file start_17.cif (mmCIF, C-alpha atoms and all ligand atoms)
data_model
#
loop_
_atom_site.label_atom_id
_atom_site.label_comp_id
_atom_site.auth_asym_id
_atom_site.auth_seq_id
_atom_site.Cartn_x
_atom_site.Cartn_y
_atom_site.Cartn_z
CA MET A 26 6.07 -1.60 0.55
CA GLU A 27 8.11 -1.25 -2.62
CA LEU A 28 6.51 -0.40 -5.93
CA MET A 29 7.56 -2.83 -8.65
CA ILE A 30 8.41 -0.62 -11.61
CA ASP A 31 11.69 -0.44 -13.50
CA GLU A 32 13.20 2.79 -14.72
CA SER A 33 12.93 1.79 -18.40
CA THR A 34 9.14 1.46 -18.07
CA ILE A 35 9.03 4.98 -16.66
CA THR A 36 11.23 6.29 -19.48
CA GLN A 37 9.01 4.70 -22.14
CA ALA A 38 5.84 5.99 -20.51
CA ALA A 39 7.38 9.45 -20.31
CA GLN A 40 7.75 9.30 -24.10
CA GLY A 41 4.03 8.68 -24.39
CA ASP A 42 3.95 4.86 -24.61
CA ILE A 43 0.50 4.02 -23.24
CA ALA A 44 1.28 0.33 -22.60
CA SER A 45 4.18 1.31 -20.32
CA PHE A 46 1.95 3.82 -18.61
CA GLU A 47 -0.64 1.10 -18.04
CA ALA A 48 2.11 -1.04 -16.46
CA ILE A 49 2.86 1.85 -14.08
CA TYR A 50 -0.85 2.13 -13.35
CA ARG A 51 -1.14 -1.60 -12.57
CA ALA A 52 1.84 -1.44 -10.22
CA THR A 53 0.71 1.65 -8.33
CA ALA A 54 -3.10 1.89 -8.49
CA GLY A 55 -3.59 0.15 -5.12
CA PHE A 56 -1.15 2.50 -3.40
CA VAL A 57 -2.58 5.61 -5.07
CA TYR A 58 -6.22 4.72 -4.41
CA ASN A 59 -5.67 3.75 -0.76
CA VAL A 60 -3.63 6.83 0.14
CA ALA A 61 -6.35 8.96 -1.48
CA LEU A 62 -8.97 6.99 0.45
CA GLY A 63 -7.02 7.46 3.69
CA ILE A 64 -6.95 11.23 3.18
CA THR A 65 -10.41 11.86 1.70
CA ARG A 66 -12.33 9.11 3.51
CA SER A 67 -14.68 8.94 0.56
CA ALA A 68 -14.67 6.24 -2.15
CA HIS A 69 -16.08 8.74 -4.64
CA ASP A 70 -13.48 11.43 -3.92
CA ALA A 71 -10.68 8.83 -3.80
CA GLU A 72 -11.65 7.59 -7.27
CA GLU A 73 -11.72 11.08 -8.76
CA ALA A 74 -8.50 12.07 -7.00
CA SER A 75 -6.84 8.90 -8.35
CA GLN A 76 -7.91 9.79 -11.90
CA ASN A 77 -6.38 13.25 -11.48
CA VAL A 78 -3.22 11.75 -10.00
CA PHE A 79 -2.64 9.46 -12.98
CA LEU A 80 -3.31 12.27 -15.43
CA LYS A 81 -0.74 14.43 -13.64
CA VAL A 82 1.69 11.52 -13.61
CA TYR A 83 1.18 10.96 -17.34
CA ARG A 84 1.78 14.61 -18.16
CA ASN A 85 4.74 15.07 -15.83
CA LEU A 86 6.60 11.76 -15.92
CA SER A 87 9.56 13.35 -17.68
CA ALA A 88 10.05 15.55 -14.59
CA TYR A 89 10.64 12.48 -12.41
CA GLN A 90 14.36 12.12 -11.73
CA PRO A 91 15.60 8.54 -12.27
CA GLY A 92 17.37 7.12 -9.25
CA THR A 93 15.17 8.95 -6.75
CA SER A 94 12.21 7.36 -4.98
CA PHE A 95 9.30 7.05 -7.43
CA LYS A 96 7.01 6.21 -4.52
CA ALA A 97 7.90 9.47 -2.73
CA TRP A 98 7.41 11.45 -5.96
CA LEU A 99 4.03 9.79 -6.45
CA TYR A 100 3.02 10.35 -2.83
CA ARG A 101 3.39 14.12 -3.20
CA ILE A 102 1.04 14.08 -6.18
CA ILE A 103 -1.53 11.93 -4.38
CA ASN A 104 -1.33 14.12 -1.30
CA ASN A 105 -1.85 17.33 -3.29
CA GLU A 106 -4.76 15.95 -5.31
CA SER A 107 -6.48 14.40 -2.27
CA ILE A 108 -6.13 17.57 -0.22
CA ASN A 109 -7.88 19.47 -3.02
CA PHE A 110 -10.91 17.25 -2.45
CA VAL A 111 -10.73 17.64 1.33
CA LYS A 112 -10.53 21.42 0.88
CA LYS A 113 -13.47 21.43 -1.51
CA ARG A 114 -15.55 19.55 1.05
CA ALA A 115 -14.34 21.80 3.86
CA ARG A 116 -15.34 24.87 1.85
CA ILE A 117 -18.85 23.49 1.35
CA GLN A 118 -19.02 22.53 5.01
CA GLN A 119 -17.76 25.95 6.06
CA ARG A 120 -20.42 27.69 4.00
CA GLU A 121 -22.97 25.59 5.86
CA ASP A 122 -21.83 25.88 9.44
CA ASN A 123 -18.79 28.17 9.46
CA SER A 124 -16.82 25.78 11.66
CA VAL A 125 -14.18 23.93 9.67
CA PRO A 126 -10.86 25.76 9.59
CA LEU A 127 -9.34 25.86 6.09
CA ASP A 128 -5.84 26.67 7.19
CA THR A 129 -4.97 23.29 8.63
CA MET A 130 -4.38 21.35 5.40
CA ARG A 131 -0.91 19.98 4.86
CA ILE A 132 1.07 16.95 3.85
CA ALA A 133 -0.07 13.60 5.25
CA PRO A 134 -3.30 14.54 7.02
CA GLU A 135 -4.40 10.87 7.16
CA LEU A 136 -4.37 10.71 10.96
CA ASP A 137 -6.47 13.86 11.36
CA ASN A 138 -9.44 11.74 10.36
CA VAL A 139 -8.68 9.37 13.20
CA ILE A 140 -8.79 12.28 15.61
CA GLU A 141 -11.89 13.84 14.08
CA LEU A 142 -13.79 10.58 13.83
CA GLU A 143 -13.01 9.56 17.37
CA HIS A 144 -13.64 13.00 18.83
CA HIS A 145 -10.36 13.22 20.68
CA GLN A 146 -11.68 10.56 23.04
CA THR A 147 -9.35 7.64 22.41
CA VAL A 148 -5.89 7.34 23.92
CA LEU A 149 -4.38 7.47 20.41
CA GLY A 150 -6.41 10.57 19.59
CA LYS A 151 -5.18 12.29 22.73
CA ILE A 152 -1.58 11.24 22.17
CA LEU A 153 -1.62 12.45 18.56
CA ASP A 154 -3.29 15.64 19.63
CA SER A 155 -0.16 16.52 21.58
CA LEU A 156 1.95 16.60 18.37
CA SER A 157 2.63 19.63 16.22
CA PRO A 158 1.49 19.42 12.57
CA HIS A 159 5.11 18.98 11.44
CA GLN A 160 5.66 16.16 13.90
CA LYS A 161 2.43 14.46 12.80
CA GLU A 162 3.45 14.61 9.12
CA CYS A 163 6.67 12.76 9.88
CA ILE A 164 4.95 10.17 12.07
CA VAL A 165 2.32 9.45 9.40
CA LEU A 166 4.90 9.12 6.63
CA ARG A 167 7.11 6.85 8.72
CA GLU A 168 4.64 4.72 10.68
CA ILE A 169 1.62 4.56 8.37
CA HIS A 170 3.37 4.56 4.99
CA GLY A 171 6.74 3.08 5.95
CA PHE A 172 8.78 5.70 4.07
CA GLN A 173 12.53 5.81 4.73
CA TYR A 174 14.14 8.97 6.14
CA ASP A 175 15.46 10.07 2.72
CA GLU A 176 12.00 9.62 1.16
CA ILE A 177 10.34 11.64 3.94
CA ALA A 178 13.00 14.30 3.45
CA SER A 179 12.19 14.54 -0.27
CA ILE A 180 8.39 14.53 0.26
CA LEU A 181 8.58 17.35 2.83
CA ASP A 182 11.57 19.11 1.27
CA ILE A 183 13.56 19.14 4.47
CA ASN A 184 16.89 17.52 5.23
CA ILE A 185 17.35 14.08 6.74
CA ASN A 186 18.55 15.44 10.08
CA THR A 187 15.34 17.45 10.37
CA VAL A 188 13.33 14.29 9.67
CA ARG A 189 15.24 12.50 12.41
CA SER A 190 14.86 15.32 14.92
CA ARG A 191 11.12 15.70 14.24
CA LEU A 192 10.56 11.97 14.68
CA LYS A 193 12.59 12.02 17.90
CA ARG A 194 10.64 14.94 19.33
CA ALA A 195 7.31 13.48 18.19
CA ARG A 196 8.02 10.17 19.88
CA GLU A 197 9.27 11.79 23.08
CA GLN A 198 6.08 13.81 23.09
CA MET A 199 3.95 10.71 22.53
CA MET A 200 5.69 8.97 25.44
CA THR A 201 5.13 11.93 27.77
CA ALA A 202 1.48 12.28 26.75
CA GLY A 203 0.91 8.52 26.97
CA LYS A 204 2.43 8.27 30.44
CA GLN A 205 0.40 11.23 31.71
CA LEU A 206 -2.80 9.70 30.36
CA HIS A 207 -1.92 6.37 31.92
CA GLU A 208 -1.25 7.96 35.29
CA GLY A 209 -4.44 10.02 35.03
CA LEU A 210 -6.42 6.88 34.36
CA SER A 211 -4.92 4.96 37.27
CA HIS A 212 -5.65 7.87 39.67
CA GLU A 213 -9.28 7.77 38.63
CA MET A 214 -9.56 4.11 39.57
CA MET B 11 27.70 4.74 24.74
CA LYS B 12 25.82 6.53 27.48
CA CYS B 13 22.17 5.97 28.32
CA ASN B 14 21.21 9.20 26.50
CA ASP B 15 22.83 8.00 23.27
CA ILE B 16 21.12 4.63 23.55
CA GLN B 17 17.73 6.29 24.10
CA ASP B 18 18.23 8.60 21.11
CA LEU B 19 18.93 5.55 18.96
CA ILE B 20 15.84 3.76 20.28
CA LEU B 21 13.74 6.81 19.38
CA THR B 22 15.06 6.99 15.82
CA ASP B 23 17.65 4.99 13.86
CA TYR B 24 17.41 1.75 15.87
CA HIS B 25 13.62 1.58 15.63
CA ASP B 26 13.47 2.78 12.01
CA GLY B 27 16.06 0.32 10.72
CA HIS B 28 18.71 2.93 9.96
CA ALA B 29 21.30 1.69 12.47
CA SER B 30 24.35 -0.32 11.36
CA GLU B 31 24.81 -3.90 12.54
CA ASP B 32 27.54 -2.72 14.93
CA ILE B 33 25.28 -0.06 16.48
CA ARG B 34 22.44 -2.57 16.82
CA LYS B 35 24.73 -4.92 18.76
CA GLN B 36 25.81 -2.12 21.09
CA VAL B 37 22.20 -1.14 21.80
CA LYS B 38 21.20 -4.74 22.44
CA SER B 39 24.05 -5.40 24.84
CA HIS B 40 23.39 -2.10 26.67
CA LEU B 41 19.71 -3.07 27.08
CA LYS B 42 20.75 -6.37 28.66
CA GLN B 43 22.67 -4.54 31.38
CA CYS B 44 20.64 -1.36 31.94
CA ALA B 45 17.19 -1.49 33.56
CA VAL B 46 16.59 2.25 33.00
CA CYS B 47 16.98 1.95 29.22
CA ARG B 48 14.96 -1.28 29.19
CA GLU B 49 12.07 0.59 30.81
CA PHE B 50 12.56 3.45 28.33
CA ALA B 51 12.37 0.98 25.43
CA ALA B 52 9.20 -0.58 26.86
CA ASP B 53 7.52 2.83 27.27
CA PHE B 54 8.59 3.75 23.75
CA GLN B 55 6.91 0.63 22.34
CA ARG B 56 3.81 1.13 24.45
CA TYR B 57 3.15 4.81 23.81
CA ALA B 58 4.90 5.73 20.55
CA VAL B 59 4.75 2.54 18.46
CA GLU B 60 1.87 0.25 19.42
CA PRO B 61 -0.94 2.85 19.32
CA LEU B 62 -0.13 3.46 15.64
CA ALA B 63 0.13 -0.20 14.68
CA GLU B 64 -3.62 -0.56 14.06
CA HIS B 65 -3.74 2.51 11.86
CA LYS B 66 -2.30 1.20 8.65
CA LEU B 67 -3.48 2.29 5.21
CA PRO B 68 -6.84 1.05 4.01
CA GLN B 69 -6.44 -2.00 1.74
CA ALA B 70 -9.28 -1.44 -0.70
CA GLU B 71 -9.25 -2.55 -4.34
CA PRO B 72 -9.37 0.39 -6.78
CA PRO B 73 -12.63 0.38 -8.78
CA GLU B 74 -12.56 -1.66 -12.02
CA SER B 75 -13.56 1.39 -14.05
CA LEU B 76 -10.63 3.54 -12.88
CA TRP B 77 -8.15 2.59 -15.61
CA ASN B 78 -10.73 3.02 -18.39
CA SER B 79 -11.63 6.51 -17.14
CA ILE B 80 -7.98 7.50 -17.02
CA ARG B 81 -7.25 6.10 -20.50
CA ASP B 82 -10.31 7.87 -21.93
CA ARG B 83 -9.21 11.18 -20.46
CA ILE B 84 -5.68 10.76 -21.85
CA GLU B 85 -7.02 9.88 -25.32
CA GLN B 86 -9.31 12.87 -25.24
CA GLU B 87 -6.43 15.14 -24.25
CA ASN B 88 -4.20 13.71 -26.99
CA LYS B 89 -6.91 14.31 -29.57
CA GLN B 90 -7.26 17.95 -28.61
CA GLN B 91 -3.55 18.49 -28.85
CA THR B 92 -1.55 18.53 -32.09
CA PRO B 93 2.08 17.38 -31.81
CA THR B 94 3.38 20.93 -32.17
CA GLY B 95 0.39 22.31 -30.31
CA LEU B 96 0.37 24.99 -27.73
CA LEU B 97 0.20 22.58 -24.82
CA GLY B 98 3.35 20.88 -26.08
CA ARG B 99 5.14 24.20 -26.37
CA LEU B 100 3.97 25.18 -22.88
CA ALA B 101 5.15 21.93 -21.34
CA PHE B 102 8.39 23.60 -20.25
CA ILE B 103 6.43 25.21 -17.43
CA THR B 104 6.40 21.87 -15.68
CA HIS B 105 10.08 21.27 -16.40
CA ILE B 106 11.65 24.06 -14.44
CA PRO B 107 14.57 22.47 -12.59
CA ARG B 108 13.86 21.62 -9.00
CA PRO B 109 15.97 24.29 -7.24
CA ALA B 110 13.85 27.01 -8.85
CA TYR B 111 11.31 27.19 -6.12
CA THR B 112 7.64 27.99 -6.02
CA ALA B 113 7.82 31.73 -5.71
CA ILE B 114 9.86 32.08 -8.87
CA ALA B 115 7.81 29.53 -10.77
CA SER B 116 4.54 31.12 -9.65
CA ALA B 117 5.71 34.47 -10.87
CA ILE B 118 6.76 33.03 -14.21
CA ALA B 119 3.53 31.14 -14.65
CA ALA B 120 1.40 34.07 -13.55
CA SER B 121 3.11 36.42 -15.95
CA LEU B 122 2.62 33.85 -18.71
CA VAL B 123 -1.10 33.71 -18.03
CA PHE B 124 -1.19 37.45 -18.44
CA PHE B 125 0.95 37.32 -21.56
CA MET B 126 -1.08 34.60 -23.23
CA MET B 127 -4.37 36.20 -22.31
CA THR B 128 -3.43 39.53 -23.80
CA SER B 129 -1.19 38.69 -26.74
CA SER B 130 -2.69 35.75 -28.60
CA PRO B 131 -6.46 35.72 -28.49
CA GLU B 132 -6.81 32.73 -30.81
CA TYR B 133 -5.02 30.52 -28.29
CA SER B 134 -5.95 32.27 -25.11
CA LYS B 135 -8.63 29.89 -23.93
CA GLU B 136 -6.68 26.70 -24.29
CA ALA B 137 -3.55 28.26 -22.87
CA GLY B 138 -5.39 30.14 -20.19
CA ASP B 139 -7.14 27.02 -18.96
CA TYR B 140 -3.95 25.06 -18.94
CA ILE B 141 -1.83 27.67 -17.24
CA SER B 142 -4.43 28.70 -14.74
CA GLU B 143 -4.76 25.07 -13.77
CA GLN B 144 -0.99 24.91 -13.29
CA THR B 145 -0.85 28.19 -11.41
CA SER B 146 -3.86 27.61 -9.19
CA TYR B 147 -2.03 24.45 -8.30
CA LEU B 148 1.08 26.41 -7.48
CA PHE B 149 -0.83 29.03 -5.57
CA SER B 150 -2.98 26.60 -3.66
CA ASP B 151 0.15 24.84 -2.49
CA ASN B 152 1.62 28.16 -1.47
CA GLY B 153 -1.51 28.95 0.44
CA VAL B 154 -1.25 25.70 2.31
CA GLN B 155 2.31 26.39 3.23
CA GLN B 156 1.98 30.00 4.24
CA SER B 157 -0.85 29.19 6.62
CA GLU B 158 1.55 27.04 8.59
CA SER B 159 3.47 29.41 10.76
CA GLU B 160 4.57 26.80 13.24
CA THR B 161 8.30 26.37 13.65
CA GLU B 162 10.60 24.09 15.54
CA ALA B 163 13.75 25.44 17.14
CA ASP B 164 16.25 23.02 15.62
CA ASP B 165 14.68 22.76 12.18
CA GLU B 166 16.89 24.23 9.56
CA PHE B 167 14.15 24.38 6.96
CA ASP B 168 10.44 24.75 7.09
CA SER B 169 8.64 22.07 5.15
CA VAL B 170 8.04 23.61 1.77
CA ILE B 171 5.25 21.85 -0.05
CA GLU B 172 6.24 23.24 -3.39
CA VAL B 173 4.93 21.78 -6.57
CA PHE B 174 6.03 18.17 -6.78
CA PHE B 175 6.91 18.04 -10.44
CA MET B 176 9.41 20.85 -10.48
ZN ZN C 1 21.02 2.82 29.90
#

call {"tool": "encode", "arguments": {"input": "start_17.cif", "output": "structure tokens", "more": "lines below"}}
Ligand SMILES: [Zn+2]
result
Amino acid sequence: MELMIDESTITQAAQGDIASFEAIYRATAGFVYNVALGITRSAHDAEEASQNVFLKVYRNLSAYQPGTSFKAWLYRIINNESINFVKKRARIQQREDNSVPLDTMRIAPELDNVIELEHHQTVLGKILDSLSPHQKECIVLREIHGFQYDEIASILDININTVRSRLKRAREQMMTAGKQLHEGLSHEM
Amino acid sequence: MKCNDIQDLILTDYHDGHASEDIRKQVKSHLKQCAVCREFAADFQRYAVEPLAEHKLPQAEPPESLWNSIRDRIEQENKQQTPTGLLGRLAFITHIPRPAYTAIASAIAASLVFFMMTSSPEYSKEAGDYISEQTSYLFSDNGVQQSESETEADDEFDSVIEVFFM
């Protein structure tokens, strides 16, 4: 999905023009809110995270480099803000039952919820479980968000060849895990 | 192209739409002739592509009140801040050019917190709040990154989640 904003709107908003900033909001609010929702899994947290995202965008628009992917730039902000909410919840949870590890937060944790919610029981959960955190990041950014290799590279601050090699390894791993599961299931029958 | 090359392309550029028209033709004609690669492509679809197809982003409408809340917060911020105000003068913190990475920026910001806190008491609260927000941001991102010790053999860089607006 492409975001429909032209560079001149961004430039004007960066100079403090609120109408241009509202145009950016209108073009991106759905993307921002739904990524936040995908990460936080809470309408309340997603709304607050989205508010923080747009405030950060407003303050830092002049740091956006024209000609680069605005969507990738925005994604990093959404990811950071949403993870703050997930961490806050995890901290509260940890105080209560001492079980949620705090050191697992990273870029693009959207699919972790799939695994947690489904208790590692589904085939997808098991397949994803076989991936390293770095591999999962790349898979989420490519398959869930549809980012191009150069956008993934800029979001994760790695080079394009690393993106390609992580995706390749991740997919090989998914195929191996999927085949093993399939064979395991057919032996049981 | 050999089977290995074809399978690499299926795993990456061919599937992700990064292959040229010429490469796409070569892959297609290889698949017509080679049963091994056809099976590979089928397994790829079945185990690495289809399971993810259902897990797209949620498609919810943002709440009606979201824009008003954001605009109110911006107006409030603008009111608190005179054009030549401290926040304006501190804005350079967020404009450090991108190659200056987190460690450097954190150090600069941290030393500024200290400087502002000790040297100008009349501004220290406003500045302190602003900078500590910026730095806790920097540090929290660092924390996230440092906790990830996992590496991959052929990765040239670890993924550095440094502050996005640098
Ligand atoms: Zn072949």

call {"tool": "residues_near_ligand", "arguments": {"input": "start_17.cif", "ligand": "ligand ZN 1 (chain C)", "cutoff": "7 Å", "atoms": "only C-alpha atoms and all ligand atoms", "output": "list in words"}}
result
Lys12, Cys13, Ile16, His40, Leu41, Cys44, Ala45, Val46 and Cys47 of chain B

call {"tool": "residues_around", "arguments": {"input": "start_17.cif", "residues": "Arg194 of chain A", "least_positions_apart": "6", "cutoff": "10 Å", "atoms": "only C-alpha atoms", "output": "MDAnalysis selection string"}}
result
(chainID A and resid 156:157 160 200) or (chainID B and resid 21:22 162)

call {"tool": "atom_distance", "arguments": {"input": "start_17.cif", "atom1": "atom CA of Tyr57 of chain B", "atom2": "atom CA of Gly203 of chain A"}}
result
5.4 Å

call {"tool": "closest_residue", "arguments": {"input": "start_17.cif", "among": "B:Asp32, B:Glu74, B:Glu85, B:Asp53", "to": "chain A", "atoms": "all atoms listed in the file"}}
result
B:Asp53

call {"tool": "closest_residue", "arguments": {"input": "start_17.cif", "among": "A:Tyr50, A:Arg101, A:Phe172, A:Ser87", "to": "Glu27 of chain A", "atoms": "all atoms listed in the file"}}
result
A:Phe172

call {"tool": "closest_residue", "arguments": {"input": "start_17.cif", "among": "B:Ile80, B:Lys42, B:Ile33, B:Ile20", "to": "Gln55 of chain B", "atoms": "all atoms listed in the file"}}
result
B:Ile20

call {"tool": "closest_residue", "arguments": {"input": "start_17.cif", "among": "A:Ser33, A:Asn105, A:Asn59, A:Ser75", "to": "Lys66 of chain B", "atoms": "all atoms listed in the file"}}
result
A:Asn59

call {"tool": "residues_around", "arguments": {"input": "start_17.cif", "residues": "segment 89-94 of chain A", "least_positions_apart": "4", "cutoff": "9 Å", "atoms": "all atoms listed in the file", "output": "JSON, numbers by chain"}}
result
{"A": [32, 35, 36, 85, 98, 99, 175, 176, 179], "B": [175, 176]}

call {"tool": "atom_distance", "arguments": {"input": "start_17.cif", "atom1": "atom CA of Asn77 of chain A", "atom2": "atom CA of Ile30 of chain A"}}
result
20.3 Å

call {"tool": "atom_distance", "arguments": {"input": "start_17.cif", "atom1": "atom CA of Arg56 of chain B", "atom2": "atom CA of Glu208 of chain A"}}
result
13.8 Å

call {"tool": "closest_residue", "arguments": {"input": "start_17.cif", "among": "A:Val57, A:Leu181, A:Leu153, A:Ala52", "to": "chain B", "atoms": "all atoms listed in the file"}}
result
A:Leu181

call {"tool": "closest_residue", "arguments": {"input": "start_17.cif", "among": "A:Ile102, A:Leu206, A:Ile185, A:Met29", "to": "chain B", "atoms": "only C-alpha atoms"}}
result
A:Ile102
